[in-house]
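> Got a structure for you, written out below as structure tokens; questions coming shortly.
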Amino acid sequence: MPKGYLIGHITVNDAEAYREYVERDTPILARHGGRFIVRGGQSETQEGESLSRHVVIEFPSYSAARAAYADPEYQAVADIRRRTADSVIILVEGT
């Protein structure tokens with residue numbers, strides 16, 4: 001079965017407030033089988049425009065990734081991200 005991935009491209013505007021999002025989203029996503037592959041770290045945009053922070057979370061399946069994102073508890077925490085950062089969130093089926 002193909003895995004699912006949640007990919008986030010983020011520019012944090014309020015680092016102090018964003019920390020709460022990072023602390024609270026991790027256990028919620030882990031309950032859905034999420035495992036952080038990339039969370040911040042050094043990056044270079046070779047072509048095009050990009051936000052400054054990148055996150056890749058691997059899930060056991062695409063449906064698990066969708067369920068994690070749709071989880072009402074995650075959506076409540078995601079409001080913190082929406083208030084404190086600019087972000088693009090993508091769900092992708094992968095290998």
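Each chain in the structure tokens gets a letter, A, B and so on, in the order shown; residues start at 1 in every chain, and ligands are counted from 1 in the order they appear.
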Each residue of region 39-93 of chain A lying at most 8 Å from region 4-24 of chain A should get a row with its shortest atom-to-atom pair and the distance in Å to one decimal, counting only C-alpha atoms; could you produce that, ordered by chain and increasing number, as CSV?


residue,atom,partner,partner_atom,distance
A:Ser50,CA,A:His9,CA,7.4
A:Leu51,CA,A:Thr11,CA,5.3
A:Ser52,CA,A:Thr11,CA,5.1
A:Arg53,CA,A:Ile10,CA,4.9
A:His54,CA,A:His9,CA,4.7
A:Val55,CA,A:Gly8,CA,4.9
A:Val56,CA,A:Ile7,CA,4.6
A:Ile57,CA,A:Leu6,CA,5.1
A:Glu58,CA,A:Tyr5,CA,4.7
A:Phe59,CA,A:Gly4,CA,5.0
A:Pro60,CA,A:Gly4,CA,6.2
A:Ser61,CA,A:Gly4,CA,4.5
A:Tyr62,CA,A:Gly4,CA,3.7
A:Ser63,CA,A:Gly4,CA,7.1
A:Ala64,CA,A:Gly4,CA,7.0
A:Ala65,CA,A:Gly4,CA,5.5
A:Val77,CA,A:Tyr21,CA,6.1
A:Ala78,CA,A:Tyr21,CA,7.0
A:Ile80,CA,A:Tyr21,CA,5.8
A:Arg81,CA,A:Tyr21,CA,6.1
A:Thr84,CA,A:Asp14,CA,5.1
A:Ala85,CA,A:Val12,CA,4.2
A:Asp86,CA,A:Thr11,CA,5.2
A:Ser87,CA,A:Ile10,CA,4.3
A:Val88,CA,A:His9,CA,5.2
A:Ile89,CA,A:Gly8,CA,4.5
A:Ile90,CA,A:Ile7,CA,5.1
A:Leu91,CA,A:Leu6,CA,4.6
A:Val92,CA,A:Tyr5,CA,5.1
A:Glu93,CA,A:Gly4,CA,4.5

> Can you list, as a ChimeraX atom specification, all residues belonging to chain A that DSSP tags as strand (DSSP E or B)?

/A:3-12,35-39,53-59,85-94

> Would you save the residues from that selection as an mmCIF file, in the first residue's frame, using C-alpha atoms?


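Saved file again-v4.cif follows:
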data_model
loop_
_atom_site.group_PDB
_atom_site.id
_atom_site.type_symbol
_atom_site.label_atom_id
_atom_site.label_comp_id
_atom_site.auth_asym_id
_atom_site.auth_seq_id
_atom_site.Cartn_x
_atom_site.Cartn_y
_atom_site.Cartn_z
ATOM 1 C CA LYS A 3 2.295 5.709 1.955
ATOM 2 C CA GLY A 4 0.823 9.150 2.460
ATOM 3 C CA TYR A 5 2.718 12.351 3.130
ATOM 4 C CA LEU A 6 1.776 15.697 4.564
ATOM 5 C CA ILE A 7 4.138 18.332 3.199
ATOM 6 C CA GLY A 8 4.210 21.808 4.683
ATOM 7 C CA HIS A 9 5.998 24.884 3.400
ATOM 8 C CA ILE A 10 5.954 27.515 6.121
ATOM 9 C CA THR A 11 7.259 30.969 6.953
ATOM 10 C CA VAL A 12 6.901 31.607 10.674
ATOM 11 C CA ARG A 35 6.457 10.215 11.479
ATOM 12 C CA PHE A 36 8.416 13.406 10.835
ATOM 13 C CA ILE A 37 10.918 12.901 8.006
ATOM 14 C CA VAL A 38 11.807 16.600 7.653
ATOM 15 C CA ARG A 39 11.069 19.290 10.218
ATOM 16 C CA ARG A 53 10.606 26.199 6.518
ATOM 17 C CA HIS A 54 9.758 22.745 5.181
ATOM 18 C CA VAL A 55 8.112 19.782 6.881
ATOM 19 C CA VAL A 56 7.491 16.263 5.561
ATOM 20 C CA ILE A 57 5.448 13.823 7.639
ATOM 21 C CA GLU A 58 5.120 10.208 6.512
ATOM 22 C CA PHE A 59 1.929 8.239 7.222
ATOM 23 C CA ALA A 85 2.716 31.680 9.996
ATOM 24 C CA ASP A 86 2.122 31.702 6.268
ATOM 25 C CA SER A 87 1.823 28.129 5.071
ATOM 26 C CA VAL A 88 1.030 25.787 2.211
ATOM 27 C CA ILE A 89 -0.052 22.277 3.248
ATOM 28 C CA ILE A 90 -0.105 19.467 0.674
ATOM 29 C CA LEU A 91 -1.209 15.839 1.018
ATOM 30 C CA VAL A 92 0.544 13.442 -1.370
ATOM 31 C CA GLU A 93 0.367 9.716 -2.030
ATOM 32 C CA GLY A 94 3.867 8.296 -2.333
#

> Using backbone DSSP assignments, extract all alpha helix (DSSP H) residues from region 2-73 of chain A; output them as an mmCIF file with N, CA and C atoms, in the first residue's frame.


data_model
loop_
_atom_site.group_PDB
_atom_site.id
_atom_site.type_symbol
_atom_site.label_atom_id
_atom_site.label_comp_id
_atom_site.auth_asym_id
_atom_site.auth_seq_id
_atom_site.Cartn_x
_atom_site.Cartn_y
_atom_site.Cartn_z
ATOM 1 N N ALA A 15 7.553 33.436 16.112
ATOM 2 C CA ALA A 15 8.233 32.216 16.561
ATOM 3 C C ALA A 15 7.791 31.769 17.949
ATOM 4 N N GLU A 16 7.592 32.699 18.841
ATOM 5 C CA GLU A 16 7.192 32.355 20.208
ATOM 6 C C GLU A 16 5.835 31.645 20.217
ATOM 7 N N ALA A 17 4.865 32.212 19.543
ATOM 8 C CA ALA A 17 3.526 31.622 19.499
ATOM 9 C C ALA A 17 3.512 30.338 18.675
ATOM 10 N N TYR A 18 4.335 30.250 17.642
ATOM 11 C CA TYR A 18 4.386 29.059 16.778
ATOM 12 C C TYR A 18 4.869 27.831 17.545
ATOM 13 N N ARG A 19 5.697 28.034 18.561
ATOM 14 C CA ARG A 19 6.200 26.908 19.367
ATOM 15 C C ARG A 19 5.066 26.066 19.946
ATOM 16 N N GLU A 20 3.989 26.716 20.332
ATOM 17 C CA GLU A 20 2.844 25.980 20.875
ATOM 18 C C GLU A 20 2.281 25.024 19.824
ATOM 19 N N TYR A 21 2.201 25.469 18.572
ATOM 20 C CA TYR A 21 1.734 24.606 17.488
ATOM 21 C C TYR A 21 2.627 23.369 17.362
ATOM 22 N N VAL A 22 3.921 23.574 17.340
ATOM 23 C CA VAL A 22 4.873 22.464 17.197
ATOM 24 C C VAL A 22 4.721 21.468 18.345
ATOM 25 N N GLU A 23 4.572 21.969 19.557
ATOM 26 C CA GLU A 23 4.434 21.089 20.720
ATOM 27 C C GLU A 23 3.126 20.306 20.693
ATOM 28 N N ARG A 24 2.069 20.933 20.223
ATOM 29 C CA ARG A 24 0.752 20.291 20.292
ATOM 30 C C ARG A 24 0.414 19.439 19.073
ATOM 31 N N ASP A 25 0.974 19.747 17.902
ATOM 32 C CA ASP A 25 0.608 18.958 16.717
ATOM 33 C C ASP A 25 1.254 17.582 16.697
ATOM 34 N N THR A 26 2.447 17.464 17.262
ATOM 35 C CA THR A 26 3.203 16.215 17.172
ATOM 36 C C THR A 26 2.449 15.002 17.728
ATOM 37 N N PRO A 27 1.919 15.034 18.949
ATOM 38 C CA PRO A 27 1.225 13.843 19.447
ATOM 39 C C PRO A 27 -0.054 13.514 18.671
ATOM 40 N N ILE A 28 -0.721 14.524 18.162
ATOM 41 C CA ILE A 28 -1.943 14.284 17.383
ATOM 42 C C ILE A 28 -1.593 13.544 16.101
ATOM 43 N N LEU A 29 -0.595 14.029 15.383
ATOM 44 C CA LEU A 29 -0.199 13.401 14.124
ATOM 45 C C LEU A 29 0.377 12.013 14.365
ATOM 46 N N ALA A 30 1.095 11.831 15.457
ATOM 47 C CA ALA A 30 1.666 10.511 15.788
ATOM 48 C C ALA A 30 0.558 9.483 16.022
ATOM 49 N N ARG A 31 -0.544 9.902 16.604
ATOM 50 C CA ARG A 31 -1.668 8.974 16.817
ATOM 51 C C ARG A 31 -2.225 8.430 15.503
ATOM 52 N N TYR A 62 -2.213 7.081 2.377
ATOM 53 C CA TYR A 62 -2.769 8.386 2.006
ATOM 54 C C TYR A 62 -4.008 8.688 2.843
ATOM 55 N N SER A 63 -4.837 7.667 3.074
ATOM 56 C CA SER A 63 -6.045 7.882 3.877
ATOM 57 C C SER A 63 -5.698 8.248 5.316
ATOM 58 N N ALA A 64 -4.603 7.714 5.857
ATOM 59 C CA ALA A 64 -4.162 8.087 7.209
ATOM 60 C C ALA A 64 -3.713 9.542 7.236
ATOM 61 N N ALA A 65 -3.028 9.996 6.188
ATOM 62 C CA ALA A 65 -2.597 11.397 6.107
ATOM 63 C C ALA A 65 -3.822 12.316 6.046
ATOM 64 N N ARG A 66 -4.818 11.920 5.249
ATOM 65 C CA ARG A 66 -6.042 12.718 5.145
ATOM 66 C C ARG A 66 -6.783 12.764 6.472
ATOM 67 N N ALA A 67 -6.851 11.614 7.144
ATOM 68 C CA ALA A 67 -7.543 11.555 8.437
ATOM 69 C C ALA A 67 -6.833 12.414 9.481
ATOM 70 N N ALA A 68 -5.501 12.412 9.468
ATOM 71 C CA ALA A 68 -4.742 13.226 10.422
ATOM 72 C C ALA A 68 -5.032 14.704 10.197
ATOM 73 N N TYR A 69 -4.994 15.140 8.938
ATOM 74 C CA TYR A 69 -5.249 16.545 8.643
ATOM 75 C C TYR A 69 -6.684 16.937 9.011
ATOM 76 N N ALA A 70 -7.632 16.054 8.778
ATOM 77 C CA ALA A 70 -9.044 16.359 9.039
ATOM 78 C C ALA A 70 -9.433 16.204 10.508
ATOM 79 N N PRO A 72 -10.427 16.807 14.001
ATOM 80 C CA PRO A 72 -10.851 18.070 14.620
ATOM 81 C C PRO A 72 -9.845 18.602 15.651
ATOM 82 N N GLU A 73 -9.190 17.701 16.371
ATOM 83 C CA GLU A 73 -8.190 18.149 17.348
ATOM 84 C C GLU A 73 -6.998 18.795 16.626
#

> If I take CA of Thr45 (chain A) and CA of Arg83 (chain A), how far is one from the other in Å, to one decimal?

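Answer for the CA of Thr45 (chain A) to CA of Arg83 (chain A) separation: 24.7 Å.
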
> Separation of CA of Pro2 (chain A) and CA of Thr95 (chain A), in Å?

5.0 Å
